[in-house]
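Student: start-v5.csv (CSV, C-alpha atoms) pasted underneath:
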```
chain,number,residue,atom,x,y,z
A,1,MET,CA,-4.1,-11.4,-15.9
A,2,LYS,CA,-3.8,-15.0,-16.9
A,3,TRP,CA,-4.7,-17.8,-14.5
A,4,ARG,CA,-1.5,-19.5,-15.3
A,5,SER,CA,0.5,-16.5,-14.0
A,6,PHE,CA,-1.8,-16.4,-10.9
A,7,LEU,CA,-0.8,-19.9,-9.8
A,8,THR,CA,2.9,-19.2,-9.7
A,9,THR,CA,5.5,-17.2,-7.8
A,10,LYS,CA,6.9,-15.6,-11.0
A,11,ILE,CA,6.6,-11.9,-11.4
A,12,GLN,CA,4.5,-10.8,-14.3
A,13,LYS,CA,6.3,-8.6,-16.7
A,14,GLU,CA,3.5,-7.8,-19.2
A,15,PRO,CA,1.3,-4.7,-18.6
A,16,GLY,CA,-1.8,-4.8,-16.4
A,17,PHE,CA,-3.0,-6.0,-13.0
A,18,ARG,CA,-0.8,-8.7,-11.5
A,19,LEU,CA,-1.4,-11.2,-8.7
A,20,ASN,CA,0.4,-14.3,-7.8
A,21,LEU,CA,0.8,-16.7,-4.8
A,22,ILE,CA,3.4,-14.5,-3.1
A,23,ASP,CA,1.0,-11.5,-3.2
A,24,ILE,CA,-1.9,-13.6,-1.8
A,25,GLY,CA,0.4,-14.9,0.9
A,26,LEU,CA,1.5,-11.4,1.8
A,27,ILE,CA,-2.1,-10.1,1.9
A,28,GLY,CA,-3.0,-13.1,4.1
A,29,PHE,CA,-0.1,-12.3,6.4
A,30,LEU,CA,-1.1,-8.7,6.7
A,31,ILE,CA,-4.7,-9.6,7.6
A,32,LEU,CA,-3.4,-12.0,10.3
A,33,LEU,CA,-1.0,-9.4,11.6
A,34,THR,CA,-3.8,-6.8,11.8
A,35,TRP,CA,-6.0,-9.3,13.7
A,36,LEU,CA,-3.2,-10.1,16.1
A,37,LEU,CA,-2.4,-6.4,16.7
A,38,HIS,CA,-6.1,-5.6,17.4
A,39,PRO,CA,-6.0,-6.5,21.1
A,40,ILE,CA,-2.8,-4.5,21.6
A,41,PHE,CA,-3.5,-1.3,19.7
A,42,GLN,CA,-7.2,-0.9,19.9
A,43,GLU,CA,-7.1,2.7,20.8
A,44,GLY,CA,-6.8,4.9,17.8
A,45,TRP,CA,-7.2,2.1,15.3
A,46,LEU,CA,-3.4,1.7,15.0
A,47,PHE,CA,-3.7,-2.0,14.5
A,48,LEU,CA,-4.9,-1.2,10.9
A,49,LEU,CA,-1.6,0.5,9.9
A,50,PRO,CA,0.1,-2.7,8.6
A,51,LEU,CA,-3.0,-3.5,6.5
A,52,TYR,CA,-3.2,0.1,5.2
A,53,ILE,CA,0.5,0.1,4.3
A,54,GLY,CA,0.3,-3.3,2.6
A,55,ILE,CA,-2.8,-2.3,0.6
A,56,SER,CA,-1.1,0.9,-0.5
A,57,PHE,CA,2.0,-0.9,-1.8
A,58,PHE,CA,-0.2,-3.6,-3.4
A,59,CYS,CA,-2.0,-0.8,-5.3
A,60,PHE,CA,1.3,0.9,-6.2
A,61,CYS,CA,3.1,-2.3,-7.3
A,62,ASN,CA,0.4,-4.6,-8.6
A,63,VAL,CA,-2.6,-2.6,-9.6
A,64,PHE,CA,-1.4,0.8,-10.9
A,65,ARG,CA,2.3,-0.3,-11.1
A,66,ILE,CA,3.7,3.3,-10.8
A,67,GLY,CA,7.3,2.2,-10.5
A,68,ASN,CA,9.8,2.1,-7.7
A,69,TRP,CA,11.1,5.6,-8.3
A,70,LEU,CA,7.8,7.3,-7.4
A,71,GLU,CA,7.1,5.3,-4.2
A,72,PRO,CA,9.6,7.2,-2.0
A,73,PHE,CA,7.5,10.4,-2.5
A,74,TRP,CA,4.8,8.6,-0.5
A,75,TYR,CA,6.5,6.3,1.9
A,76,ILE,CA,9.3,8.7,3.2
A,77,PRO,CA,6.9,11.4,4.4
A,78,PHE,CA,4.5,8.7,5.6
A,79,THR,CA,7.2,7.0,7.7
A,80,ILE,CA,8.3,10.3,9.1
A,81,SER,CA,4.8,11.1,10.1
A,82,LEU,CA,4.5,7.7,11.8
A,83,PHE,CA,7.4,8.5,14.0
A,84,PHE,CA,5.9,11.7,15.2
A,85,LEU,CA,2.2,10.9,15.3
A,86,THR,CA,1.8,7.3,16.6
A,87,ASP,CA,1.1,8.8,20.0
A,88,GLN,CA,-1.7,10.9,18.5
A,89,PRO,CA,-3.6,8.5,16.2
A,90,GLU,CA,-6.5,10.7,15.6
A,91,ILE,CA,-4.2,13.3,14.0
A,92,LEU,CA,-2.4,10.5,12.1
A,93,TRP,CA,-5.6,9.2,10.5
A,94,TRP,CA,-6.7,12.7,9.5
A,95,LEU,CA,-3.2,13.2,8.0
A,96,ILE,CA,-3.6,9.9,6.1
A,97,LEU,CA,-7.0,10.9,4.8
A,98,LEU,CA,-6.2,14.5,3.9
A,99,VAL,CA,-2.6,14.3,2.7
A,100,PHE,CA,-1.4,10.7,2.0
A,101,GLU,CA,-4.5,9.5,0.1
A,102,PRO,CA,-4.5,12.6,-2.2
A,103,LEU,CA,-0.7,12.1,-2.6
A,104,LYS,CA,-1.3,8.5,-3.8
A,105,VAL,CA,-3.9,9.7,-6.3
A,106,ILE,CA,-1.4,12.4,-7.6
A,107,LEU,CA,1.4,9.8,-7.9
A,108,ILE,CA,-0.9,7.4,-9.8
A,109,ALA,CA,-2.2,10.2,-12.1
A,110,TYR,CA,1.4,11.3,-12.8
A,111,SER,CA,2.4,7.8,-13.6
A,112,MET,CA,-0.5,7.4,-15.9
A,113,LYS,CA,0.3,10.6,-17.8
A,114,ARG,CA,3.8,9.5,-18.5
A,115,GLY,CA,4.3,7.6,-21.7
A,116,ASP,CA,5.4,4.3,-20.3
A,117,TYR,CA,2.5,3.5,-18.0
A,118,HIS,CA,1.8,-0.3,-17.8
A,119,GLY,CA,-0.7,-0.6,-14.9
A,120,ILE,CA,-4.4,-1.5,-15.2
```
How does the structure come out when it is put into structure tokens?
Tutor:
Amino acid sequence: MKWRSFLTTKIQKEPGFRLNLIDIGLIGFLILLTWLLHPIFQEGWLFLLPLYIGISFFCFCNVFRIGNWLEPFWYIPFTISLFFLTDQPEILWWLILLVFEPLKVILIAYSMKRGDYHGI
């Protein structure tokens, strides 16, 4: 990553980790949103969901750069589980830990095994 590309809003095309002002702004917004949701959703740690989702996509798009076509294999089942399990946050967090985190690792590993990998 070049510092010149960090201080811009342009999207980096070359391989490797990427970070720019838009990414930093989004991360800052997610931290603020999580902080604002804390008093509302304290039970079950649901206030952490926006930060978890944001960090997941940051890793997919900026760190490992797996490609848009692999992301739906993670976010579609995740979104469906949110609809059914937000009233049972303890089950949701176990599902995240035991299903969606390993699924992320599988998607990242699959992307790395393909010939056109351009992440970190």
Student: Go through A:Leu103, A:Phe73, A:Pro89, A:Thr79 and flag the residue nearest Leu48 of chain A, using all atoms listed in the file for the distances.
Tutor: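 That would be A:Pro89, the residue with the smallest distance to Leu48 of chain A.
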Student: With all atoms listed in the file as the atoms that count, which of A:Trp93, A:Gln88, A:Ile66, A:Leu49 lies nearest to Lys113 of chain A?
Tutor: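 Result for the nearest residue to Lys113 of chain A: A:Ile66.
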Student: List as an MDAnalysis selection string the protein and nucleic acid residues near segment 24-31 of chain A, meaning an atom at most 12 Å away when all atoms listed in the file are counted, but skip any in the same chain fewer than 2 places from it.
Tutor: chainID A and resid 6:9 18:22 33:38 47:59 62
Student: Just how far from atom CA of Leu92 of chain A is atom CA of Pro39 of chain A, in Å to one decimal?
Tutor: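 Atom-to-atom, atom CA of Pro39 of chain A and atom CA of Leu92 of chain A are spaced 19.6 Å apart.
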Student: Between atom CA of Ile120 of chain A and atom CA of Pro15 of chain A, measure the distance and give it in Å to one decimal.
Tutor: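 These two atoms are separated by 7.4 Å.
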